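S.K.: Here you go, this is upload31.cif (mmCIF, C-alpha atoms).
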data_data
loop_
_atom_site.label_atom_id
_atom_site.label_comp_id
_atom_site.auth_asym_id
_atom_site.auth_seq_id
_atom_site.Cartn_x
_atom_site.Cartn_y
_atom_site.Cartn_z
CA MET G 509 39.71 -23.02 -88.59
CA SER G 510 42.57 -21.30 -90.36
CA ALA G 511 45.21 -23.68 -91.70
CA ALA G 512 47.95 -21.69 -90.00
CA LEU G 513 46.23 -21.89 -86.62
CA SER G 514 45.27 -25.54 -87.06
CA GLN G 515 48.84 -26.53 -87.77
CA ALA G 516 50.14 -24.81 -84.65
CA VAL G 517 47.40 -26.30 -82.48
CA ASP G 518 47.84 -29.78 -83.95
CA GLU G 519 51.56 -29.62 -83.25
CA GLY G 520 50.95 -28.48 -79.69
CA ARG G 521 52.72 -25.16 -80.21
CA ASP G 522 51.69 -22.03 -78.34
CA GLU G 523 53.12 -19.63 -80.92
CA LEU G 524 52.85 -19.21 -84.66
CA THR G 525 55.98 -18.86 -86.74
CA PRO G 526 56.42 -15.47 -88.45
CA GLU G 527 55.41 -17.10 -91.75
CA GLU G 528 52.26 -18.59 -90.22
CA ALA G 529 51.44 -15.26 -88.60
CA GLU G 530 51.66 -13.44 -91.92
CA ARG G 531 49.62 -16.15 -93.65
CA PHE G 532 47.00 -16.01 -90.93
CA ALA G 533 46.73 -12.21 -91.10
CA ASP G 534 46.31 -12.47 -94.87
CA GLU G 535 43.63 -15.17 -94.51
CA GLN G 536 41.73 -13.04 -92.04
CA ALA G 537 41.90 -9.90 -94.16
CA ARG G 538 40.66 -11.83 -97.20
CA GLU G 539 37.91 -13.71 -95.36
CA TYR G 540 36.41 -10.80 -93.44
CA LEU G 541 37.32 -7.71 -95.47
CA GLY G 542 37.84 -9.10 -98.96
CA MET G 543 41.37 -7.77 -99.34
CA SER G 544 44.92 -9.03 -98.95
CA ILE G 545 46.95 -8.04 -95.92
CA GLU G 546 49.11 -5.91 -98.22
CA GLU G 547 46.03 -4.02 -99.33
CA PHE G 548 44.93 -3.76 -95.70
CA ARG G 549 48.26 -2.15 -94.83
CA SER G 550 48.04 0.23 -97.78
CA ARG G 551 44.50 1.25 -96.90
CA ALA G 552 45.46 1.70 -93.26
CA ALA G 553 48.25 4.05 -94.28
CA ALA G 554 45.79 5.98 -96.43
CA ASP G 555 43.14 6.01 -93.68
CA ALA G 556 40.82 4.20 -96.09
CA LEU G 557 39.70 1.16 -94.11
CA PRO G 558 36.02 0.57 -93.37
CA GLU G 559 35.11 2.49 -90.22
CA ASP G 560 32.22 0.36 -89.15
CA ASP G 561 33.59 -3.17 -89.39
CA PRO G 562 34.54 -4.74 -86.06
CA MET G 563 37.12 -6.96 -87.77
CA VAL G 564 39.32 -4.01 -88.71
CA VAL G 565 40.71 -3.46 -85.24
CA HIS G 566 41.40 -7.18 -84.71
CA ILE G 567 43.23 -7.57 -88.00
CA GLY G 568 45.08 -4.33 -87.36
CA LEU G 569 46.29 -5.58 -84.00
CA LEU G 570 47.20 -8.92 -85.52
CA ALA G 571 49.21 -7.37 -88.33
CA GLY G 572 50.77 -4.66 -86.17
CA VAL G 573 49.18 -2.01 -88.36
CA GLU G 574 48.42 1.42 -87.02
CA ILE G 575 44.86 2.35 -87.83
CA HIS G 576 43.94 6.02 -87.81
CA HIS G 577 40.31 5.62 -86.85
CA CYS G 578 38.26 2.70 -85.66
CA MET K 68 21.96 -12.84 -62.53
CA ILE K 69 24.87 -13.18 -60.13
CA PRO K 70 24.06 -12.19 -56.52
CA TRP K 71 25.47 -8.85 -55.47
CA SER K 72 27.37 -10.53 -52.65
CA SER K 73 29.21 -12.62 -55.24
CA THR K 74 30.15 -9.48 -57.10
CA LEU K 75 31.54 -8.01 -53.91
CA ASP K 76 33.49 -11.19 -53.31
CA TYR K 77 34.86 -10.90 -56.82
CA TRP K 78 36.28 -7.45 -56.20
CA ARG K 79 37.46 -8.42 -52.76
CA VAL K 80 39.40 -11.39 -54.03
CA SER K 81 40.71 -9.32 -56.90
CA ARG K 82 43.01 -7.27 -54.73
CA SER K 83 46.65 -7.89 -55.44
CA THR K 84 48.25 -10.55 -53.34
CA THR K 85 51.62 -12.19 -53.39
CA ALA K 86 50.11 -15.61 -52.81
CA ASP K 87 50.20 -16.68 -56.43
CA ARG K 88 53.25 -14.87 -57.66
CA GLU K 89 54.72 -16.74 -60.57
CA PRO K 90 58.09 -15.20 -61.40
CA ALA K 91 59.11 -15.12 -65.07
CA ARG K 92 62.86 -15.11 -65.56
CA ASN K 93 62.62 -14.78 -69.33
CA ASP K 94 60.18 -14.09 -72.15
CA ALA K 95 59.25 -17.74 -72.56
CA GLU K 96 58.17 -17.91 -68.93
CA ALA K 97 56.30 -14.62 -69.25
CA LYS K 98 54.48 -16.04 -72.28
CA ARG K 99 53.62 -19.25 -70.43
CA ARG K 100 52.24 -17.23 -67.55
CA LEU K 101 50.16 -14.99 -69.83
CA LEU K 102 48.70 -17.90 -71.78
CA GLY K 103 48.05 -19.83 -68.59
CA VAL K 104 45.93 -17.01 -67.22
CA LEU K 105 44.08 -16.42 -70.49
CA ASN K 106 43.39 -20.12 -71.00
CA ARG K 107 42.08 -20.51 -67.47
CA SER K 108 39.70 -17.63 -68.10
CA LEU K 109 38.65 -19.00 -71.46
CA SER K 110 37.92 -22.39 -69.90
CA ALA K 111 35.20 -20.69 -67.85
CA VAL K 112 33.07 -20.44 -70.99
CA CYS K 113 34.51 -22.77 -73.63
CA ASN K 114 36.40 -26.04 -73.74
CA GLU K 115 37.06 -26.03 -77.45
CA ALA K 116 39.36 -23.07 -77.91
CA ILE K 117 42.83 -22.06 -76.81
CA TRP K 118 44.97 -18.93 -76.68
CA LEU K 119 48.08 -18.66 -78.85
CA VAL K 120 50.72 -16.05 -79.56
CA SER K 121 51.42 -14.60 -82.99
CA PRO K 122 54.65 -12.67 -83.62
CA GLY K 123 54.11 -9.28 -85.21
CA GLY K 124 57.66 -8.04 -85.67
CA ASP K 125 59.60 -5.28 -83.93
CA GLY K 126 59.18 -7.01 -80.59
CA VAL K 127 55.40 -6.75 -80.72
CA PHE K 128 53.24 -9.83 -80.30
CA THR K 129 49.56 -10.63 -80.48
CA ALA K 130 47.62 -13.06 -78.33
CA LEU K 131 44.61 -14.54 -80.06
CA THR K 132 42.32 -17.50 -79.73
CA ALA K 133 42.09 -20.55 -81.94
CA PRO K 134 39.50 -20.49 -83.35
CA PRO K 135 39.67 -16.70 -83.60
CA ILE K 136 35.95 -16.33 -82.97
CA VAL K 137 34.80 -18.38 -80.00
CA PRO K 138 31.22 -19.69 -79.75
CA LEU K 139 29.55 -19.12 -76.40
CA ARG K 140 26.45 -21.10 -75.54
CA VAL K 141 23.31 -19.21 -74.48
CA ASP K 142 20.37 -21.60 -74.07
CA GLU K 143 19.71 -22.87 -77.59
CA GLU K 144 21.50 -19.95 -79.20
CA LYS K 145 25.04 -18.63 -79.30
CA LEU K 146 27.01 -15.47 -78.91
CA TRP K 147 30.40 -15.12 -80.52
CA LEU K 148 33.48 -13.52 -79.02
CA ARG K 149 36.68 -12.40 -80.66
CA SER K 150 39.48 -11.20 -78.37
CA THR K 151 42.86 -9.92 -79.47
CA LEU K 152 45.61 -8.54 -77.24
CA GLN K 153 48.74 -6.81 -78.49
CA PHE K 154 51.68 -6.91 -76.13
CA SER K 155 55.44 -6.89 -75.78
CA TYR K 156 57.81 -8.41 -73.26
CA VAL K 157 59.28 -5.89 -70.87
CA ASP K 158 61.31 -5.82 -67.67
CA ASP K 159 59.09 -6.02 -64.63
CA LEU K 160 60.52 -3.02 -62.82
CA ARG K 161 58.89 -3.94 -59.54
CA PHE K 162 61.52 -6.64 -59.20
CA GLY K 163 64.55 -4.60 -60.16
CA GLY K 164 64.36 -5.69 -63.78
CA ARG K 165 65.21 -9.26 -62.83
CA GLU K 166 61.89 -10.52 -64.09
CA ARG K 167 59.97 -10.18 -67.34
CA LYS K 168 56.32 -9.71 -68.06
CA ALA K 169 53.97 -9.40 -71.00
CA SER K 170 52.83 -5.78 -71.11
CA THR K 171 49.57 -5.21 -72.97
CA HIS K 172 49.63 -2.29 -75.41
CA PHE K 173 46.17 -2.64 -76.85
CA TYR K 174 43.16 -4.93 -76.89
CA ALA K 175 39.86 -5.60 -78.61
CA HIS K 176 37.04 -7.76 -77.26
CA THR K 177 34.13 -7.94 -79.68
CA VAL K 178 30.84 -9.74 -79.10
CA GLY K 179 28.46 -10.48 -81.95
CA GLU K 180 25.35 -12.46 -82.71
CA THR K 181 26.89 -14.44 -85.57
CA ASP K 182 30.20 -16.09 -86.31
CA ARG K 183 31.13 -13.03 -88.36
CA LEU K 184 30.35 -10.77 -85.38
CA LYS K 185 27.50 -9.09 -87.22
CA PRO K 186 25.37 -7.66 -85.84
CA GLN K 187 27.99 -6.51 -83.38
CA LEU K 188 26.69 -6.07 -79.85
CA TYR K 189 29.73 -4.75 -78.00
CA SER K 190 33.34 -4.05 -78.79
CA TRP K 191 35.65 -2.95 -76.00
CA GLU K 192 38.73 -1.49 -77.64
CA TRP K 193 41.97 0.17 -76.82
CA ALA K 194 44.16 0.70 -79.87
CA SER K 195 46.64 3.06 -81.43
CA SER K 196 43.90 4.66 -83.47
CA GLU K 197 41.92 7.72 -82.46
CA PRO K 198 40.62 7.95 -79.85
CA THR K 199 43.49 6.51 -77.86
CA TYR K 200 41.51 6.04 -74.66
CA PRO K 201 39.86 2.67 -73.95
CA HIS K 202 36.33 2.77 -75.25
CA LEU K 203 33.24 0.78 -76.10
CA HIS K 204 31.37 0.57 -79.39
CA LEU K 205 27.74 -0.42 -78.95
CA ARG K 206 25.86 -1.91 -81.88
CA ARG K 207 28.40 -0.87 -84.50
CA ALA K 208 27.08 -0.97 -88.07
CA ASP K 209 23.60 -1.82 -86.88
CA PRO K 210 21.18 0.37 -88.86
CA ALA K 211 18.49 -0.13 -86.25
CA PHE K 212 20.56 1.96 -83.84
CA HIS K 213 21.12 4.98 -86.08
CA GLY K 214 24.87 5.55 -85.76
CA LEU K 215 25.14 4.63 -82.09
CA GLY K 216 28.02 2.32 -82.99
CA LYS K 217 30.15 5.22 -84.20
CA LEU K 218 30.39 6.60 -80.69
CA HIS K 219 33.54 5.88 -78.70
CA ILE K 220 32.10 5.50 -75.23
CA PRO K 221 34.92 5.96 -72.70
CA THR K 222 35.67 3.11 -70.34
CA GLY K 223 38.40 2.23 -67.92
CA ARG K 224 40.66 -0.63 -68.82
CA VAL K 225 38.51 -3.66 -69.57
CA PHE K 226 40.07 -7.04 -68.96
CA TYR K 227 39.19 -10.29 -70.68
CA GLU K 228 37.86 -11.57 -67.37
CA ASP K 229 35.54 -8.55 -67.12
CA VAL K 230 34.06 -9.39 -70.50
CA LEU K 231 33.52 -13.06 -69.67
CA ARG K 232 31.95 -12.27 -66.33
CA PHE K 233 29.67 -9.70 -67.97
CA LEU K 234 28.55 -12.18 -70.62
CA ILE K 235 27.79 -14.87 -68.04
CA ALA K 236 26.00 -12.49 -65.69
CA GLU K 237 24.10 -10.33 -68.13
CA HIS K 238 23.69 -12.45 -71.26
CA GLY K 239 23.25 -15.84 -69.69
CA VAL K 240 26.30 -17.37 -71.35
CA GLU K 241 26.57 -20.88 -69.97
CA PRO K 242 29.73 -21.54 -67.98
CA ALA K 243 31.80 -24.47 -69.21
CA ARG K 244 33.03 -25.49 -65.78
CA GLU K 245 31.42 -25.64 -62.38
CA ASP K 246 34.09 -23.53 -60.74
CA TRP K 247 33.98 -20.83 -63.41
CA GLN K 248 33.74 -18.09 -60.81
CA LYS K 249 36.89 -19.23 -59.04
CA ALA K 250 38.66 -19.60 -62.39
CA LEU K 251 37.84 -16.00 -63.31
CA ASP K 252 38.66 -14.74 -59.81
CA ASP K 253 42.05 -16.46 -59.90
CA SER K 254 42.84 -15.14 -63.35
CA PHE K 255 41.77 -11.60 -62.55
CA ARG K 256 43.79 -11.58 -59.35
CA ARG K 257 46.87 -12.66 -61.28
CA VAL K 258 46.26 -10.14 -64.05
CA SER K 259 45.89 -7.45 -61.41
CA ASN K 260 49.21 -8.42 -59.94
CA TYR K 261 51.01 -7.74 -63.19
CA ALA K 262 48.95 -4.94 -64.74
CA SER K 263 50.75 -1.60 -64.76
CA TRP K 264 47.43 0.25 -64.78
CA GLY K 265 43.73 -0.39 -64.38
CA GLY K 266 44.07 -3.55 -62.36
CA GLY K 267 44.12 -2.12 -58.87
CA ARG K 268 40.45 -2.37 -58.08
CA SER K 269 39.55 -3.16 -54.54
CA SER K 270 36.37 -3.56 -52.60
#
Take the structure from the file and write it as structure tokens.
M.R.:
Amino acid sequence: MSAALSQAVDEGRDELTPEEAERFADEQAREYLGMSIEEFRSRAAADALPEDDPMVVHIGLLAGVEIHHC
Amino acid sequence: MIPWSSTLDYWRVSRSTTADREPARNDAEAKRRLLGVLNRSLSAVCNEAIWLVSPGGDGVFTALTAPPIVPLRVDEEKLWLRSTLQFSYVDDLRFGGRERKASTHFYAHTVGETDRLKPQLYSWEWASSEPTYPHLHLRRADPAFHGLGKLHIPTGRVFYEDVLRFLIAEHGVEPAREDWQKALDDSFRRVSNYASWGGGRSS
């Protein structure tokens, strides 16, 4: 499991810190889409994210990124 | 397959009641209530995952599971489910603004045959992207289905409990607790109580 999530779970917290949230979003973008969360945001703004990957919508929701098409 | 009478009971019990009202005086209580409902539902199919909240900035939050992709047992095999909800805390106007609630903006519930969700079987989505109506992707990115997954099949609002019940009933996902049906009924009834739209189903 993601280090950011593991730490929160191990500490019995029900919410990530903003830093953990950003780290987790970045981990997810790298693991499933092969890009940083910054690149994900840039591609979202340019409407250049993969259209057929089910992870895009989840990472978009997680990062609060508006995706043009999914 | 779940008997039809059980399905009817599900909808019957899903009507809003005041019996299990759980007032939230602040955002922390609204969060506790949201996670309580989601975790009860999750426990119907898995004992090794939990729902958490992730702050997204600008007053927007995301609820997600840890691990993010939850294994669901089906005989000797598995299905995998990723669910993400985006929400914010708002005044619950039904109570004169004296109470708070988590108001869902968008959601995605994706079911796949591997722990990377590929091939993807179903993805129920409601997001800021086009189209903005809640929809279903069937078999996205599965070449055997010739572009079927690109279609945005309109749905009503699909709740997490709907997805879990569907997977148990139609895909043979093994429940993780004996009273899974009651757990999902209770959660759905509570969700219906607080949903501003799409939760008012009745028998």
S.K.: Selected by the PyMOL selection byres ((chain G) within 6 of (chain K)) in the shown coordinates: which residues, as a PDB file with C-alpha atoms, keeping the file's coordinate frame?
M.R.:
ATOM      1  CA  MET G 509      39.710 -23.020 -88.590  1.00  0.00           C
ATOM      2  CA  ASP G 522      51.690 -22.030 -78.340  1.00  0.00           C
ATOM      3  CA  GLU G 523      53.120 -19.630 -80.920  1.00  0.00           C
ATOM      4  CA  LEU G 524      52.850 -19.210 -84.660  1.00  0.00           C
ATOM      5  CA  PRO G 526      56.420 -15.470 -88.450  1.00  0.00           C
ATOM      6  CA  ALA G 529      51.440 -15.260 -88.600  1.00  0.00           C
ATOM      7  CA  ASP G 560      32.220   0.360 -89.150  1.00  0.00           C
ATOM      8  CA  LEU G 570      47.200  -8.920 -85.520  1.00  0.00           C
ATOM      9  CA  GLY G 572      50.770  -4.660 -86.170  1.00  0.00           C
ATOM     10  CA  ILE G 575      44.860   2.350 -87.830  1.00  0.00           C
ATOM     11  CA  HIS G 576      43.940   6.020 -87.810  1.00  0.00           C
ATOM     12  CA  HIS G 577      40.310   5.620 -86.850  1.00  0.00           C
TER      13      HIS G 577
END
S.K.: Suppose you want the space between atom CA of K:Lys168 and atom CA of K:Pro138; what is it in Å?
M.R.: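 Result for atom CA of K:Lys168 versus atom CA of K:Pro138: 29.4 Å, one decimal.
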S.K.: Expand the PyMOL selection byres ((chain G and resi 544) around 12) into the individual residues it matches in the shown file, reporting them as a count of residues only.
M.R.: 23
S.K.: Once the PyMOL selection byres ((chain K and resi 110) around 12) is applied to the coordinates I shared, what remains selected? I want it as a PyMOL selection string.
M.R.: chain K and resi 102-109+111-118+132+137+139+228+231+241-251+254
S.K.: Select, from K:Thr181, K:Thr222, K:Ser259, K:Asn93, the residue with the minimum atom-to-atom distance to K:Asp158, counting only C-alpha atoms.
M.R.: K:Asn93
S.K.: Provide the atom CA of K:Tyr200 to atom CA of K:Pro221 distance in Å, to one decimal place.
M.R.: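 Computed distance, atom CA of K:Tyr200 to atom CA of K:Pro221, equals 6.9 Å.
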S.K.: Please compute the atom CA of K:Val225-atom CA of K:Trp147 distance, one decimal, in Å.
M.R.: 17.8 Å
